[in-house]
file final-v9.tsv (TSV, C-alpha atoms)
chain	number	residue	atom	x	y	z
A	1	ASP	CA	0.00	0.00	0.00
A	2	GLY	CA	1.25	3.44	-0.98
A	3	ASP	CA	3.71	2.06	-3.54
A	4	THR	CA	3.96	3.41	-7.08
A	5	PHE	CA	3.28	0.77	-9.74
A	6	PHE	CA	4.11	1.40	-13.42
A	7	ASP	CA	2.40	-0.91	-15.92
A	8	ILE	CA	4.20	-0.68	-19.27
A	9	GLY	CA	2.15	-2.40	-21.95
A	10	ALA	CA	-0.98	-2.40	-19.80
A	11	ASN	CA	-3.05	-3.92	-22.61
A	12	ILE	CA	-6.69	-4.25	-21.44
A	13	GLY	CA	-5.74	-4.16	-17.75
A	14	ALA	CA	-5.60	-7.85	-16.88
A	15	ILE	CA	-2.65	-7.39	-14.50
A	16	GLY	CA	-3.28	-3.76	-13.59
A	17	LEU	CA	-6.85	-4.33	-12.46
A	18	THR	CA	-5.79	-7.29	-10.33
A	19	VAL	CA	-3.14	-5.15	-8.63
A	20	VAL	CA	-5.38	-2.16	-7.86
A	21	LYS	CA	-8.31	-4.29	-6.71
A	22	ASN	CA	-6.10	-6.11	-4.21
A	23	LYS	CA	-4.01	-3.09	-3.16
A	24	LYS	CA	-6.42	-0.18	-3.12
A	25	LYS	CA	-3.86	2.36	-1.83
A	26	ILE	CA	-1.33	1.69	-4.58
A	27	LYS	CA	-0.52	4.52	-7.02
A	28	TYR	CA	-1.15	2.87	-10.40
A	29	ILE	CA	0.18	4.43	-13.63
A	30	GLY	CA	-0.63	2.47	-16.78
A	31	PHE	CA	0.78	2.92	-20.29
A	32	GLU	CA	-0.75	1.41	-23.44
A	33	ALA	CA	0.49	2.46	-26.89
A	34	SER	CA	-2.38	1.15	-29.02
A	35	PRO	CA	-5.24	3.68	-29.28
A	36	VAL	CA	-7.68	0.82	-29.98
A	37	VAL	CA	-6.58	-1.26	-26.97
A	38	PHE	CA	-6.36	1.88	-24.81
A	39	GLU	CA	-10.13	2.34	-25.18
A	40	TYR	CA	-10.71	-1.16	-23.77
A	41	LEU	CA	-8.23	-0.45	-20.96
A	42	SER	CA	-9.97	2.80	-20.02
A	43	ASN	CA	-13.42	1.20	-20.14
A	44	ASN	CA	-12.27	-1.69	-17.95
A	45	PHE	CA	-11.03	0.68	-15.24
A	46	VAL	CA	-14.31	2.63	-15.33
A	47	THR	CA	-16.45	-0.54	-15.37
A	48	ASN	CA	-14.55	-1.92	-12.38
A	49	LYS	CA	-15.07	1.36	-10.47
A	50	ILE	CA	-11.37	1.93	-9.83
A	51	SER	CA	-10.88	5.35	-8.26
A	52	ASP	CA	-7.16	6.14	-7.95
A	53	TYR	CA	-5.20	5.56	-11.16
A	54	THR	CA	-3.81	7.29	-14.23
A	55	LEU	CA	-3.70	5.83	-17.73
A	56	HIS	CA	-1.61	7.12	-20.60
A	57	ASN	CA	-1.97	6.33	-24.29
A	58	TYR	CA	1.80	6.59	-24.81
A	59	LEU	CA	4.40	4.51	-26.61
A	60	VAL	CA	7.14	4.03	-24.00
A	61	HIS	CA	10.51	3.78	-25.74
A	62	GLU	CA	14.17	4.77	-25.58
A	63	LYS	CA	13.84	8.37	-26.79
A	64	ASP	CA	11.23	11.11	-26.71
A	65	GLY	CA	9.28	12.39	-29.69
A	66	VAL	CA	10.37	9.79	-32.24
A	67	HIS	CA	7.78	8.83	-34.88
A	68	ILE	CA	7.60	5.03	-34.83
A	69	PRO	CA	5.40	2.64	-36.87
A	70	PHE	CA	3.12	0.68	-34.54
A	71	TYR	CA	1.18	-2.39	-35.66
A	72	GLN	CA	-2.06	-2.64	-33.71
A	73	SER	CA	-4.60	-5.41	-33.70
A	74	GLU	CA	-7.90	-5.85	-31.89
A	75	TYR	CA	-7.32	-9.61	-31.84
A	76	ASN	CA	-6.80	-10.42	-28.15
A	77	GLY	CA	-5.44	-6.90	-27.69
A	78	LYS	CA	-2.16	-7.88	-29.32
A	79	SER	CA	-0.10	-5.09	-30.83
A	80	SER	CA	3.61	-4.57	-31.39
A	81	LEU	CA	6.32	-2.43	-32.91
A	82	ALA	CA	6.98	-5.47	-35.13
A	83	PRO	CA	4.44	-6.72	-37.71
A	84	THR	CA	3.78	-9.85	-35.62
A	85	TYR	CA	-0.01	-9.59	-35.26
A	86	ALA	CA	-0.97	-7.07	-37.95
A	87	THR	CA	0.33	-5.74	-41.25
A	88	GLU	CA	-1.14	-2.23	-41.12
A	89	TYR	CA	0.45	0.35	-38.88
A	90	ILE	CA	-0.08	3.80	-37.44
A	91	MET	CA	2.62	6.29	-36.52
A	92	LEU	CA	3.05	7.01	-32.81
A	93	HIS	CA	5.21	9.47	-30.86
A	94	SER	CA	7.48	7.94	-28.24
A	95	ILE	CA	8.29	8.96	-24.68
A	96	SER	CA	11.01	7.79	-22.30
A	97	LEU	CA	10.33	6.99	-18.66
A	98	ASP	CA	13.22	9.21	-17.54
A	99	SER	CA	11.50	12.21	-19.18
A	100	PHE	CA	8.02	11.18	-18.04
A	101	CYS	CA	9.12	10.87	-14.41
A	102	ARG	CA	10.96	14.22	-14.49
A	103	GLU	CA	7.91	15.90	-16.01
A	104	LYS	CA	5.49	14.32	-13.50
A	105	ASN	CA	7.80	14.78	-10.51
A	106	ILE	CA	8.01	11.04	-9.84
A	107	SER	CA	11.27	10.23	-8.08
A	108	HIS	CA	10.75	6.56	-7.26
A	109	ILE	CA	9.05	3.52	-8.80
A	110	HIS	CA	8.45	0.69	-6.35
A	111	TRP	CA	7.12	-1.81	-8.89
A	112	MET	CA	7.14	-1.92	-12.67
A	113	LYS	CA	5.69	-4.49	-15.06
A	114	GLY	CA	6.91	-4.51	-18.64
A	115	ASP	CA	5.31	-6.51	-21.43
A	116	VAL	CA	6.02	-4.88	-24.78
A	117	GLN	CA	6.43	-7.85	-27.08
A	118	GLY	CA	10.22	-8.12	-27.19
A	119	PHE	CA	10.99	-4.39	-27.11
A	120	GLU	CA	11.67	-4.28	-23.34
A	121	LEU	CA	15.29	-3.27	-24.01
A	122	TYR	CA	14.12	0.08	-25.40
A	123	VAL	CA	11.91	0.73	-22.38
A	124	PHE	CA	14.93	0.04	-20.12
A	125	LYS	CA	17.22	2.29	-22.18
A	126	GLY	CA	14.65	5.06	-21.82
A	127	MET	CA	14.85	4.79	-18.04
A	128	GLU	CA	18.63	4.52	-17.81
A	129	GLN	CA	18.93	7.37	-15.28
A	130	LEU	CA	16.27	5.84	-13.03
A	131	LEU	CA	18.09	2.50	-13.20
A	132	GLN	CA	21.56	3.98	-12.58
A	133	ASP	CA	20.23	5.82	-9.54
A	134	LYS	CA	18.48	2.63	-8.34
A	135	LYS	CA	15.13	4.45	-8.26
A	136	VAL	CA	13.23	1.35	-9.43
A	137	ASP	CA	12.91	-1.30	-6.73
A	138	ASN	CA	11.30	-4.18	-8.62
A	139	ILE	CA	10.83	-4.87	-12.33
A	140	LEU	CA	8.75	-7.73	-13.69
A	141	PHE	CA	9.24	-8.20	-17.41
A	142	GLU	CA	8.35	-10.78	-19.98
A	143	PHE	CA	10.95	-12.69	-21.95
A	144	GLU	CA	9.94	-14.51	-25.14
A	145	TYR	CA	12.87	-15.52	-27.34
A	146	TRP	CA	10.89	-15.11	-30.57
A	147	ALA	CA	9.64	-11.65	-29.59
A	148	GLU	CA	13.16	-10.30	-29.11
A	149	GLU	CA	14.12	-11.86	-32.44
A	150	ALA	CA	11.11	-10.16	-34.08
A	151	ALA	CA	12.33	-6.88	-32.53
A	152	GLY	CA	15.67	-7.42	-34.30
A	153	LEU	CA	17.50	-7.97	-31.03
A	154	GLU	CA	19.81	-10.62	-29.69
A	155	LYS	CA	17.95	-13.08	-27.46
A	156	GLY	CA	18.43	-11.97	-23.88
A	157	ALA	CA	19.33	-8.36	-24.80
A	158	ALA	CA	16.97	-6.84	-22.22
A	159	GLN	CA	18.38	-9.11	-19.51
A	160	GLN	CA	21.95	-8.18	-20.41
A	161	PHE	CA	21.15	-4.48	-20.24
A	162	ILE	CA	19.31	-4.67	-16.92
A	163	ALA	CA	22.24	-6.64	-15.45
A	164	SER	CA	24.68	-3.98	-16.71
A	165	MET	CA	22.66	-1.41	-14.73
A	166	GLY	CA	23.41	-3.25	-11.48
A	167	TYR	CA	20.25	-5.33	-11.24
A	168	GLU	CA	20.07	-9.03	-10.45
A	169	MET	CA	17.38	-11.29	-11.86
A	170	PHE	CA	15.17	-14.00	-10.45
A	171	ASP	CA	12.48	-16.29	-11.75
A	172	ILE	CA	8.93	-15.61	-10.63
A	173	LYS	CA	9.39	-17.94	-7.62
A	174	GLY	CA	12.44	-16.01	-6.42
A	175	LYS	CA	15.23	-18.33	-7.61
A	176	LYS	CA	18.24	-16.34	-8.83
A	177	ILE	CA	18.90	-16.45	-12.57
A	178	GLU	CA	22.62	-17.07	-13.03
A	179	GLU	CA	22.76	-16.99	-16.85
A	180	VAL	CA	20.89	-15.02	-19.47
A	181	ILE	CA	17.81	-16.94	-20.59
A	182	THR	CA	17.70	-17.38	-24.39
A	183	LYS	CA	15.03	-20.05	-24.84
A	184	GLY	CA	11.34	-20.34	-24.15
A	185	ARG	CA	9.25	-17.72	-22.40
A	186	THR	CA	9.01	-16.59	-18.81
A	187	MET	CA	8.49	-13.64	-16.51
A	188	ILE	CA	11.66	-12.26	-14.93
A	189	TRP	CA	11.90	-10.31	-11.69
A	190	ALA	CA	14.77	-7.82	-11.47
A	191	LYS	CA	15.87	-5.75	-8.49
A	192	PRO	CA	18.99	-3.77	-7.58
A	193	VAL	CA	21.95	-5.83	-6.42
A	194	GLU	CA	22.19	-5.54	-2.63
A	195	ASN	CA	25.55	-4.24	-1.43

call {"tool": "encode", "arguments": {"input": "final-v9.tsv", "output": "structure tokens"}}
result
Amino acid sequence: DGDTFFDIGANIGAIGLTVVKNKKKIKYIGFEASPVVFEYLSNNFVTNKISDYTLHNYLVHEKDGVHIPFYQSEYNGKSSLAPTYATEYIMLHSISLDSFCREKNISHIHWMKGDVQGFELYVFKGMEQLLQDKKVDNILFEFEYWAEEAAGLEKGAAQQFIASMGYEMFDIKGKKIEEVITKGRTMIWAKPVEN
């Protein structure tokens, strides 16, 4: 209770709604890039009578103000910066979390969930200052080998970057991850290395 929770790639709110319904005093900030999916997300928060939250229809990325093709699909709310689920795209402006937090006067993120279909590395690069200053306590992010490949990245690139920022990684049950995962799919929990 009282923690700040960033939900990057909030989709329709499946995880976000669960969090805010179980922790009513949490400060929830959700980001969903797809304008189509964002409408579902907004409606789900209203329908569920959630009172304290903010939602942003922003594409979270490495840099601010870059025009990026975004492939959106209504099918199961799946959208991506890669043409994985759709062939038609719209152009979106990007924002970085470092800039967003400076602008909104947010100095600390207690929890962050990232699920951006293989482009997690760019989200992390856009919050490099927050990570260097250890201003993010816990990061849950999805790894899918094929999604990072579709993003044109080396498998495990997001894990390598987060480790280079002084974060250690665990599986969802809390077992330490000793080597970069390059196969399959899983959720990864990262937190600053304890001195």

call {"tool": "closest_residue", "arguments": {"input": "final-v9.tsv", "among": "A:Phe70, A:Trp189, A:Phe141, A:Phe119", "to": "Val36 (chain A)", "atoms": "only C-alpha atoms"}}
result
A:Phe70

call {"tool": "closest_residue", "arguments": {"input": "final-v9.tsv", "among": "A:Ala163, A:Ile26, A:Leu130, A:Ala147", "to": "Lys183 (chain A)", "atoms": "only C-alpha atoms"}}
result
A:Ala147

call {"tool": "atom_distance", "arguments": {"input": "final-v9.tsv", "atom1": "CA of Trp111 (chain A)", "atom2": "CA of Lys191 (chain A)"}}
result
9.6 Å

call {"tool": "atom_distance", "arguments": {"input": "final-v9.tsv", "atom1": "CA of Val193 (chain A)", "atom2": "CA of Asp98 (chain A)"}}
result
20.6 Å

call {"tool": "residues_around", "arguments": {"input": "final-v9.tsv", "residues": "region 52-65 of chain A", "least_positions_apart": "2", "cutoff": "7 Å", "atoms": "only C-alpha atoms", "output": "PyMOL selection string"}}
result
chain A and resi 27-33+35+38+50+67+92-97+122-123+125-126

call {"tool": "residues_around", "arguments": {"input": "final-v9.tsv", "residues": "Asp171 (chain A)", "least_positions_apart": "2", "cutoff": "8 Å", "atoms": "only C-alpha atoms", "output": "number ranges by chain"}}
result
A: 169, 173-177, 186-189

call {"tool": "write_last_selection", "arguments": {"input": "final-v9.tsv", "atoms": "C-alpha atoms", "output": "mmCIF file, keeping the file's coordinate frame"}}
result
data_model
loop_
_atom_site.group_PDB
_atom_site.id
_atom_site.type_symbol
_atom_site.label_atom_id
_atom_site.label_comp_id
_atom_site.auth_asym_id
_atom_site.auth_seq_id
_atom_site.Cartn_x
_atom_site.Cartn_y
_atom_site.Cartn_z
ATOM 1 C CA MET A 169 17.380 -11.290 -11.860
ATOM 2 C CA LYS A 173 9.390 -17.940 -7.620
ATOM 3 C CA GLY A 174 12.440 -16.010 -6.420
ATOM 4 C CA LYS A 175 15.230 -18.330 -7.610
ATOM 5 C CA LYS A 176 18.240 -16.340 -8.830
ATOM 6 C CA ILE A 177 18.900 -16.450 -12.570
ATOM 7 C CA THR A 186 9.010 -16.590 -18.810
ATOM 8 C CA MET A 187 8.490 -13.640 -16.510
ATOM 9 C CA ILE A 188 11.660 -12.260 -14.930
ATOM 10 C CA TRP A 189 11.900 -10.310 -11.690
#

call {"tool": "atom_distance", "arguments": {"input": "final-v9.tsv", "atom1": "CA of Gln132 (chain A)", "atom2": "CA of Phe170 (chain A)"}}
result
19.2 Å

call {"tool": "residues_around", "arguments": {"input": "final-v9.tsv", "residues": "Trp146 (chain A)", "least_positions_apart": "4", "cutoff": "9 Å", "atoms": "all atoms listed in the file", "output": "ChimeraX atom specification"}}
result
/A:118,150-151,155,183-185

call {"tool": "residues_near_point", "arguments": {"input": "final-v9.tsv", "point": "(2.6, -2.6, -32.6)", "cutoff": "8 Å", "atoms": "only C-alpha atoms", "output": "list in words"}}
result
Ala33, Ser34, Pro69, Phe70, Tyr71, Gln72, Ser73, Lys78, Ser79, Ser80, Leu81, Ala82, Pro83, Thr84, Tyr85, Ala86 and Tyr89 of chain A

call {"tool": "write_last_selection", "arguments": {"input": "final-v9.tsv", "atoms": "C-alpha atoms", "output": "PDB file, keeping the file's coordinate frame"}}
result
ATOM      1  CA  ALA A  33       0.490   2.460 -26.890  1.00  0.00           C
ATOM      2  CA  SER A  34      -2.380   1.150 -29.020  1.00  0.00           C
ATOM      3  CA  PRO A  69       5.400   2.640 -36.870  1.00  0.00           C
ATOM      4  CA  PHE A  70       3.120   0.680 -34.540  1.00  0.00           C
ATOM      5  CA  TYR A  71       1.180  -2.390 -35.660  1.00  0.00           C
ATOM      6  CA  GLN A  72      -2.060  -2.640 -33.710  1.00  0.00           C
ATOM      7  CA  SER A  73      -4.600  -5.410 -33.700  1.00  0.00           C
ATOM      8  CA  LYS A  78      -2.160  -7.880 -29.320  1.00  0.00           C
ATOM      9  CA  SER A  79      -0.100  -5.090 -30.830  1.00  0.00           C
ATOM     10  CA  SER A  80       3.610  -4.570 -31.390  1.00  0.00           C
ATOM     11  CA  LEU A  81       6.320  -2.430 -32.910  1.00  0.00           C
ATOM     12  CA  ALA A  82       6.980  -5.470 -35.130  1.00  0.00           C
ATOM     13  CA  PRO A  83       4.440  -6.720 -37.710  1.00  0.00           C
ATOM     14  CA  THR A  84       3.780  -9.850 -35.620  1.00  0.00           C
ATOM     15  CA  TYR A  85      -0.010  -9.590 -35.260  1.00  0.00           C
ATOM     16  CA  ALA A  86      -0.970  -7.070 -37.950  1.00  0.00           C
ATOM     17  CA  TYR A  89       0.450   0.350 -38.880  1.00  0.00           C
TER      18      TYR A  89
END

call {"tool": "closest_residue", "arguments": {"input": "final-v9.tsv", "among": "A:Glu142, A:Leu41, A:Gln129, A:Glu179", "to": "Arg102 (chain A)", "atoms": "only C-alpha atoms"}}
result
A:Gln129

call {"tool": "residues_around", "arguments": {"input": "final-v9.tsv", "residues": "Lys24 (chain A)", "least_positions_apart": "6", "cutoff": "12 Å", "atoms": "all atoms listed in the file", "output": "list in words"}}
result
Asp1, Gly2, Asp3, Thr4, Phe5, Gly16, Leu17, Thr18, Lys49, Ile50, Ser51, Asp52 and Tyr53 of chain A

call {"tool": "write_last_selection", "arguments": {"input": "final-v9.tsv", "atoms": "C-alpha atoms", "output": "CSV table (one decimal), keeping the file's coordinate frame"}}
result
chain,number,residue,atom,x,y,z
A,1,ASP,CA,0.0,0.0,0.0
A,2,GLY,CA,1.2,3.4,-1.0
A,3,ASP,CA,3.7,2.1,-3.5
A,4,THR,CA,4.0,3.4,-7.1
A,5,PHE,CA,3.3,0.8,-9.7
A,16,GLY,CA,-3.3,-3.8,-13.6
A,17,LEU,CA,-6.8,-4.3,-12.5
A,18,THR,CA,-5.8,-7.3,-10.3
A,49,LYS,CA,-15.1,1.4,-10.5
A,50,ILE,CA,-11.4,1.9,-9.8
A,51,SER,CA,-10.9,5.4,-8.3
A,52,ASP,CA,-7.2,6.1,-8.0
A,53,TYR,CA,-5.2,5.6,-11.2
